[in-house]
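my_file-v8.csv (CSV, C-alpha atoms)
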chain,number,residue,atom,x,y,z
A,1,GLU,CA,88.0,85.1,99.9
A,2,LEU,CA,86.8,88.6,100.9
A,3,VAL,CA,89.8,90.3,99.2
A,4,LYS,CA,89.4,88.0,96.2
A,5,ALA,CA,85.8,89.0,95.8
A,6,SER,CA,86.7,92.7,96.3
A,7,LEU,CA,84.5,92.9,99.4
A,8,THR,CA,87.3,94.4,101.4
A,9,ARG,CA,90.6,95.9,100.3
A,10,ALA,CA,92.8,93.9,102.8
A,11,VAL,CA,92.7,91.5,105.7
A,12,MET,CA,95.2,91.3,108.5
A,13,PHE,CA,96.5,88.4,110.6
A,14,ASP,CA,98.5,88.8,113.8
A,15,PRO,CA,101.5,86.6,114.8
A,16,ASP,CA,99.0,84.2,116.5
A,17,GLY,CA,97.3,83.6,113.2
A,18,LYS,CA,94.1,85.4,114.2
A,19,VAL,CA,92.3,87.9,111.9
A,20,VAL,CA,92.6,91.3,113.5
A,21,ILE,CA,91.0,94.7,112.8
A,22,PRO,CA,93.7,96.8,111.2
A,23,ALA,CA,92.6,100.0,112.9
A,24,ASP,CA,93.2,98.2,116.3
A,25,ALA,CA,96.4,96.5,115.3
A,26,LEU,CA,98.0,99.6,113.8
A,27,HIS,CA,96.7,102.3,116.0
A,28,ARG,CA,99.4,104.9,116.6
A,29,ARG,CA,102.1,102.3,116.0
A,30,SER,CA,105.3,102.3,113.9
A,31,VAL,CA,105.4,99.9,111.0
A,32,LEU,CA,108.2,98.1,109.3
A,33,ALA,CA,106.8,96.4,106.2
A,34,MET,CA,108.0,94.2,103.4
A,35,ARG,CA,106.0,93.4,100.2
A,36,GLY,CA,106.5,90.1,98.5
A,37,ALA,CA,105.0,86.9,97.2
A,38,PHE,CA,106.8,84.8,99.9
A,39,HIS,CA,106.3,81.7,97.8
A,40,PRO,CA,108.3,80.4,99.5
A,41,VAL,CA,109.6,82.6,102.3
A,42,ALA,CA,113.3,82.9,101.4
A,43,GLN,CA,116.1,83.2,103.9
A,44,SER,CA,117.3,86.2,102.0
A,45,ASP,CA,114.0,88.0,102.7
A,46,THR,CA,114.2,87.4,106.4
A,47,ASP,CA,117.9,88.4,106.5
A,48,LYS,CA,117.0,91.7,104.8
A,49,PHE,CA,114.1,92.3,107.2
A,50,ASP,CA,116.2,91.6,110.3
A,51,HIS,CA,118.9,94.0,109.0
A,52,ALA,CA,116.3,96.7,108.3
A,53,ARG,CA,114.7,96.0,111.8
A,54,THR,CA,118.0,97.0,113.5
A,55,ARG,CA,118.1,100.3,111.5
A,56,PHE,CA,114.4,101.1,112.0
A,57,LEU,CA,114.5,100.5,115.8
A,58,SER,CA,117.5,102.8,116.1
A,59,ARG,CA,115.4,105.8,114.9
A,60,PRO,CA,114.4,108.3,117.5
A,61,GLY,CA,111.0,107.6,118.9
A,62,VAL,CA,110.7,104.1,117.4
A,63,LYS,CA,110.3,101.3,120.0
A,64,GLU,CA,110.1,97.6,119.4
A,65,SER,CA,107.1,97.3,121.8
A,66,SER,CA,105.1,99.7,119.7
A,67,THR,CA,106.2,98.5,116.2
A,68,VAL,CA,104.3,96.2,113.9
A,69,PHE,CA,106.5,94.0,111.7
A,70,LEU,CA,104.4,93.5,108.6
A,71,ALA,CA,104.6,91.2,105.6
A,72,GLU,CA,102.2,92.3,102.8
A,73,MET,CA,101.1,90.1,99.9
A,74,THR,CA,98.9,91.4,97.1
A,75,MET,CA,96.4,89.4,95.1
A,76,ALA,CA,96.3,92.1,92.4
A,77,ASP,CA,98.2,90.2,89.7
A,78,LEU,CA,96.7,86.8,90.4
A,79,ALA,CA,93.1,88.3,90.6
A,80,ASN,CA,93.5,89.7,87.1
A,81,GLN,CA,94.5,86.3,85.9
A,82,GLY,CA,91.7,84.6,87.8
A,83,GLU,CA,94.2,82.2,89.5
A,84,VAL,CA,93.9,82.9,93.3
A,85,ASP,CA,94.4,79.8,95.5
A,86,THR,CA,93.1,80.9,98.9
A,87,GLY,CA,94.6,77.8,100.6
A,88,ASP,CA,98.1,78.7,99.2
A,89,PHE,CA,97.8,82.2,100.6
A,90,LEU,CA,96.8,80.9,104.0
A,91,THR,CA,99.8,78.5,104.0
A,92,ARG,CA,102.1,81.5,103.5
A,93,VAL,CA,100.3,83.3,106.3
A,94,LEU,CA,101.1,80.4,108.6
A,95,THR,CA,104.8,80.4,107.7
A,96,LEU,CA,105.1,84.2,108.1
A,97,ARG,CA,103.2,84.4,111.4
A,98,LEU,CA,105.5,81.7,112.9
A,99,LEU,CA,108.3,84.1,112.1
A,100,GLY,CA,106.7,86.8,114.1
A,101,PHE,CA,105.0,88.8,111.3
A,102,HIS,CA,101.7,90.5,111.1
A,103,VAL,CA,100.5,89.6,107.6
A,104,LEU,CA,98.4,91.8,105.3
A,105,ILE,CA,96.7,90.2,102.3
A,106,SER,CA,95.6,93.0,100.0
A,107,GLU,CA,94.3,93.9,96.6
A,108,PHE,CA,96.9,96.8,96.2
A,109,PHE,CA,99.0,96.7,93.1
A,110,ARG,CA,101.1,99.8,93.7
A,111,TYR,CA,103.3,100.6,96.8
A,112,PHE,CA,101.7,103.9,97.4
A,113,ARG,CA,98.3,102.3,98.0
A,114,VAL,CA,99.8,100.3,100.8
A,115,ARG,CA,101.2,103.5,102.3
A,116,GLN,CA,97.8,105.2,102.1
A,117,TYR,CA,96.2,102.2,103.7
A,118,LEU,CA,98.6,102.3,106.6
A,119,ALA,CA,98.2,106.1,107.0
A,120,ARG,CA,94.5,105.6,107.6
A,121,HIS,CA,95.3,103.7,110.8
A,122,THR,CA,98.5,105.2,112.2
A,123,PRO,CA,100.4,108.5,112.0
A,124,GLY,CA,103.6,106.7,113.2
A,125,PRO,CA,106.8,106.2,111.3
A,126,VAL,CA,106.7,103.7,108.4
A,127,ALA,CA,109.5,102.0,106.6
A,128,PHE,CA,109.5,99.6,103.7
A,129,VAL,CA,112.1,96.9,103.1
A,130,THR,CA,112.9,96.6,99.4
A,131,ASP,CA,115.8,96.2,96.9
A,132,VAL,CA,117.0,97.8,93.7
A,133,ASP,CA,114.4,95.8,91.7
A,134,GLY,CA,111.6,96.9,94.0
A,135,LEU,CA,112.7,100.6,93.7
A,136,GLY,CA,112.9,100.0,89.9
A,137,ASP,CA,109.2,99.1,90.0
A,138,ILE,CA,108.3,102.1,92.1
A,139,LEU,CA,110.0,104.3,89.5
A,140,ARG,CA,108.1,102.8,86.5
A,141,GLU,CA,106.1,105.7,85.1
A,142,ASP,CA,103.8,103.4,83.2
A,143,TYR,CA,102.4,102.1,86.5
A,144,TYR,CA,100.9,105.5,87.2
A,145,GLU,CA,99.3,106.3,83.8
A,146,GLY,CA,95.8,106.4,85.4
A,147,LEU,CA,96.8,109.1,87.9
A,148,SER,CA,96.4,112.8,87.0
A,149,GLY,CA,99.7,113.6,88.7
A,150,GLY,CA,101.5,110.5,87.4
A,151,ILE,CA,104.6,109.4,89.1
A,152,LEU,CA,104.8,112.7,91.1
A,153,GLU,CA,101.5,112.1,92.7
A,154,ALA,CA,102.4,108.5,93.4
A,155,LEU,CA,105.7,109.3,95.1
A,156,GLY,CA,104.0,112.1,97.1
A,157,ASN,CA,101.5,109.5,98.4
A,158,LEU,CA,104.2,106.9,99.0
A,159,PHE,CA,106.6,109.2,100.9
A,160,PRO,CA,104.8,111.5,103.3
A,161,PRO,CA,106.8,112.6,106.3
A,162,ALA,CA,108.4,109.9,108.5
A,163,THR,CA,108.4,107.3,105.6
A,164,THR,CA,111.5,105.6,104.4
A,165,ALA,CA,112.4,102.8,101.9
A,166,TYR,CA,115.4,100.8,102.8
A,167,VAL,CA,116.9,99.9,99.4
A,168,PHE,CA,119.0,96.7,99.6
A,169,PRO,CA,121.6,95.7,97.0
A,170,LYS,CA,121.1,92.8,94.7
A,171,VAL,CA,123.5,90.5,92.8
A,172,LYS,CA,122.9,90.7,89.0
A,173,GLU,CA,125.0,88.9,86.4
A,174,GLY,CA,127.7,88.3,88.9
A,175,ARG,CA,128.0,91.9,90.3
A,176,THR,CA,126.4,93.7,93.2
A,177,VAL,CA,124.0,96.5,92.1
A,178,THR,CA,123.2,99.1,94.8
A,179,LEU,CA,121.1,102.2,95.0
A,180,ASN,CA,124.2,104.2,94.0
A,181,ASP,CA,124.7,102.5,90.7
A,182,MET,CA,121.4,101.1,89.7
A,183,PRO,CA,120.1,102.1,86.3
A,184,ILE,CA,117.7,105.1,86.6
A,185,ALA,CA,116.3,107.1,83.7
A,186,ASP,CA,118.1,110.5,83.5
A,187,HIS,CA,115.0,112.5,84.0
A,188,LEU,CA,114.1,110.6,87.2
A,189,ARG,CA,117.5,111.1,88.8
A,190,PRO,CA,116.6,114.5,90.4
A,191,LEU,CA,113.6,112.8,92.0
A,192,VAL,CA,115.7,110.1,93.5
A,193,THR,CA,118.3,112.6,94.7
A,194,TYR,CA,115.5,114.6,96.3
A,195,LEU,CA,114.1,111.5,98.0
A,196,ARG,CA,117.5,110.5,99.3
A,197,GLU,CA,118.4,113.9,100.6
A,198,ARG,CA,115.0,114.1,102.4
A,199,GLY,CA,115.7,110.7,104.0
A,200,HIS,CA,112.9,108.8,102.2
A,201,LEU,CA,115.4,106.5,100.4
A,202,GLU,CA,118.2,104.9,102.3
A,203,ALA,CA,120.8,102.7,100.7
A,204,VAL,CA,121.6,99.6,102.7
A,205,ASP,CA,125.1,99.1,101.4
A,206,ASP,CA,126.4,97.2,104.5
A,207,PHE,CA,124.3,94.1,103.6
A,208,ASP,CA,125.8,91.1,101.9
A,209,PRO,CA,123.4,90.1,99.0
A,210,THR,CA,125.4,87.1,97.8
A,211,PRO,CA,123.1,84.2,96.6
A,212,GLU,CA,124.1,81.8,99.3
A,213,ARG,CA,122.3,84.0,101.8
How would this structure read if it were set down as structure tokens?
Amino acid sequence: ELVKASLTRAVMFDPDGKVVIPADALHRRSVLAMRGAFHPVAQSDTDKFDHARTRFLSRPGVKESSTVFLAEMTMADLANQGEVDTGDFLTRVLTLRLLGFHVLISEFFRYFRVRQYLARHTPGPVAFVTDVDGLGDILREDYYEGLSGGILEALGNLFPPATTAYVFPKVKEGRTVTLNDMPIADHLRPLVTYLRERGHLEAVDDFDPTPER
């Protein structure tokens, strides 16, 4: 209700289902995060997250005991439509926390706003679990028309040092699409190349995205 009324930008629940202060829960911790509607929580989502967890925890200086595993849901789209069912969100929180997640319910529409929010509370490494569709949304220039720096400003805020997006493949029209062969506008390819070479984008090509997962 607080987020819906724009009285706060986000609320966080811990795996026990209790509301926690983000500054306390995130203080100097690493974060592995996944955005989604989680309506319902799909097995493919948890499979991807578990796969990304193994990668993230293998990074130097990242320890499981000091890492927050975060599922983030935004009310942005629904709030604009005036169709926010608080009880439905809380049901999803219950499911996610039983799977061991901290849960963040936010009003953030764009990915980089989530990263900025996390940066307020921790300087630790952050990684996002996404797929080629999620990266496609990140690269949509029309999402950033209100920013003076456009997509360059957005990507700069989304990918400060020690930030990575694990980009999973997805099956589309019977074929597997990966970061290597996803459609990207020609003028954005140098940006993607730069982000990959800097370690901000990592293709997860050893994951099986077949529908039965």
Neighbours of Gly174 of chain A within 12 Å (only C-alpha atoms; same-chain residues fewer than 3 positions away dropped), as a compact mmCIF listing (two decimals) with C-alpha atoms, in the frame of the given file?
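The file below, out.txt, is the result:
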# COMPACT_ATOMS: atom_id res chain seq x y z
CA LYS A 170 121.10 92.80 94.70
CA VAL A 171 123.50 90.50 92.80
CA VAL A 177 124.00 96.50 92.10
CA PRO A 209 123.40 90.10 99.00
CA THR A 210 125.40 87.10 97.80
CA PRO A 211 123.10 84.20 96.60
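Interatomic distance, atom CA of Lys48 of chain A to atom CA of Gly100 of chain A: 14.7 Å.
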Write out as CSV the residues of segment 24-132 of chain A that have any atom within 8 Å of an atom of segment 146-161 of chain A, one row each with the nearest atom pair and its distance in Å to one decimal, counting all atoms listed in the file, sorted by chain and then rising number.
residue,atom,partner,partner_atom,distance
A:Tyr111,CA,A:Leu158,CA,6.7
A:Phe112,CA,A:Leu158,CA,4.2
A:Arg113,CA,A:Leu158,CA,7.5
A:Arg115,CA,A:Leu158,CA,5.6
A:Gln116,CA,A:Asn157,CA,6.8
Preceding selection exported with C-alpha atoms as a compact mmCIF listing (two decimals), in the coordinates of the input:
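Contents of the output file out-v3.txt:
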# COMPACT_ATOMS: atom_id res chain seq x y z
CA TYR A 111 103.30 100.60 96.80
CA PHE A 112 101.70 103.90 97.40
CA ARG A 113 98.30 102.30 98.00
CA ARG A 115 101.20 103.50 102.30
CA GLN A 116 97.80 105.20 102.10
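Residues in contact with segment 196-202 of chain A at 10 Å, where all atoms listed in the file are counted and same-chain residues fewer than 6 positions away are skipped, are listed as Ala127, Phe128, Leu135, Leu158, Phe159, Pro160, Pro161, Ala162, Thr163, Thr164, Ala165, Tyr166, Val167, Phe168, Leu179 and Pro190 of chain A.
Among the candidates A:Phe69, A:His27, A:Leu191, A:Ala37, the one nearest to Phe49 of chain A when counting all atoms listed in the file is A:Phe69.
Summary of the local environment: counting only C-alpha atoms, residues at most 12 Å from Gln43 of chain A, other than itself and those fewer than 2 positions away along its chain, are A:Phe38, A:His39, A:Pro40, A:Val41, A:Asp45, A:Thr46, A:Asp47, A:Lys48, A:Phe49, A:Asp50, A:Leu96, A:Leu99, A:Pro209, A:Thr210, A:Pro211, A:Glu212, A:Arg213.
Of the residues listed (A:Pro123, A:Pro169, A:Gly36, A:Pro183), A:Gly36 shows the shortest atom-to-atom separation from Arg92 of chain A; distances use only C-alpha atoms.
The two atoms in question, atom CA of Ser106 of chain A and atom CA of Val204 of chain A, are spaced 27.0 Å apart.
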With all atoms listed in the file counted and 7 Å as the cut-off, give the residues of segment 37-129 of chain A in contact with segment 7-11 of chain A, each with its shortest interatomic distance in Å and the pair that gives it, as JSON lines.
{"residue": "A:Leu104", "atom": "CA", "partner": "A:Val11", "partner_atom": "CA", "distance": 5.7}
{"residue": "A:Ile105", "atom": "CA", "partner": "A:Ala10", "partner_atom": "CA", "distance": 5.4}
{"residue": "A:Ser106", "atom": "CA", "partner": "A:Ala10", "partner_atom": "CA", "distance": 4.1}
{"residue": "A:Glu107", "atom": "CA", "partner": "A:Arg9", "partner_atom": "CA", "distance": 5.6}
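Proximity to Lys4 of chain A was assessed for A:Ser30, A:Val84, A:Ala25, A:Tyr194 counting all atoms listed in the file; the smallest distance is recorded for A:Val84.
The smallest atom-to-atom distance between Thr91 of chain A and any of A:Ala52, A:Ala33, A:Leu139, A:Val103, using all atoms listed in the file, is found for A:Val103.
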Kindly write segment 41-53 of chain A with N, CA, C and O atoms to a file, as a PDB file, in the first residue's frame.
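decode-v5.pdb was written with the following content:
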ATOM      1  N   VAL A  41       5.446 -18.023  -9.966  1.00  0.00           N
ATOM      2  CA  VAL A  41       6.888 -18.245  -9.952  1.00  0.00           C
ATOM      3  C   VAL A  41       7.159 -19.492 -10.794  1.00  0.00           C
ATOM      4  O   VAL A  41       6.737 -20.588 -10.438  1.00  0.00           O
ATOM      5  N   ALA A  42       7.830 -19.320 -11.933  1.00  0.00           N
ATOM      6  CA  ALA A  42       8.047 -20.427 -12.858  1.00  0.00           C
ATOM      7  C   ALA A  42       9.300 -21.206 -12.497  1.00  0.00           C
ATOM      8  O   ALA A  42      10.276 -20.643 -11.992  1.00  0.00           O
ATOM      9  N   GLN A  43       9.272 -22.496 -12.785  1.00  0.00           N
ATOM     10  CA  GLN A  43      10.448 -23.336 -12.550  1.00  0.00           C
ATOM     11  C   GLN A  43      11.631 -22.833 -13.362  1.00  0.00           C
ATOM     12  O   GLN A  43      12.777 -22.886 -12.909  1.00  0.00           O
ATOM     13  N   SER A  44      11.358 -22.324 -14.568  1.00  0.00           N
ATOM     14  CA  SER A  44      12.450 -21.814 -15.404  1.00  0.00           C
ATOM     15  C   SER A  44      13.146 -20.632 -14.739  1.00  0.00           C
ATOM     16  O   SER A  44      14.362 -20.450 -14.877  1.00  0.00           O
ATOM     17  N   ASP A  45      12.385 -19.815 -13.999  1.00  0.00           N
ATOM     18  CA  ASP A  45      12.990 -18.679 -13.293  1.00  0.00           C
ATOM     19  C   ASP A  45      13.930 -19.163 -12.186  1.00  0.00           C
ATOM     20  O   ASP A  45      15.052 -18.659 -12.043  1.00  0.00           O
ATOM     21  N   THR A  46      13.474 -20.121 -11.404  1.00  0.00           N
ATOM     22  CA  THR A  46      14.315 -20.608 -10.316  1.00  0.00           C
ATOM     23  C   THR A  46      15.518 -21.383 -10.857  1.00  0.00           C
ATOM     24  O   THR A  46      16.603 -21.329 -10.276  1.00  0.00           O
ATOM     25  N   ASP A  47      15.341 -22.074 -11.982  1.00  0.00           N
ATOM     26  CA  ASP A  47      16.475 -22.763 -12.610  1.00  0.00           C
ATOM     27  C   ASP A  47      17.543 -21.764 -13.036  1.00  0.00           C
ATOM     28  O   ASP A  47      18.739 -21.976 -12.811  1.00  0.00           O
ATOM     29  N   LYS A  48      17.116 -20.686 -13.682  1.00  0.00           N
ATOM     30  CA  LYS A  48      18.067 -19.662 -14.117  1.00  0.00           C
ATOM     31  C   LYS A  48      18.766 -19.030 -12.919  1.00  0.00           C
ATOM     32  O   LYS A  48      19.982 -18.790 -12.947  1.00  0.00           O
ATOM     33  N   PHE A  49      17.999 -18.748 -11.890  1.00  0.00           N
ATOM     34  CA  PHE A  49      18.593 -18.102 -10.721  1.00  0.00           C
ATOM     35  C   PHE A  49      19.627 -19.019 -10.068  1.00  0.00           C
ATOM     36  O   PHE A  49      20.722 -18.563  -9.699  1.00  0.00           O
ATOM     37  N   ASP A  50      19.309 -20.294  -9.928  1.00  0.00           N
ATOM     38  CA  ASP A  50      20.243 -21.241  -9.320  1.00  0.00           C
ATOM     39  C   ASP A  50      21.522 -21.352 -10.148  1.00  0.00           C
ATOM     40  O   ASP A  50      22.625 -21.457  -9.607  1.00  0.00           O
ATOM     41  N   HIS A  51      21.365 -21.329 -11.468  1.00  0.00           N
ATOM     42  CA  HIS A  51      22.516 -21.398 -12.356  1.00  0.00           C
ATOM     43  C   HIS A  51      23.389 -20.144 -12.182  1.00  0.00           C
ATOM     44  O   HIS A  51      24.622 -20.242 -12.106  1.00  0.00           O
ATOM     45  N   ALA A  52      22.733 -18.981 -12.114  1.00  0.00           N
ATOM     46  CA  ALA A  52      23.463 -17.727 -11.941  1.00  0.00           C
ATOM     47  C   ALA A  52      24.114 -17.664 -10.561  1.00  0.00           C
ATOM     48  O   ALA A  52      25.208 -17.106 -10.402  1.00  0.00           O
ATOM     49  N   ARG A  53      23.461 -18.242  -9.562  1.00  0.00           N
ATOM     50  CA  ARG A  53      24.015 -18.242  -8.204  1.00  0.00           C
ATOM     51  C   ARG A  53      25.395 -18.914  -8.181  1.00  0.00           C
ATOM     52  O   ARG A  53      26.329 -18.410  -7.557  1.00  0.00           O
TER      53      ARG A  53
END
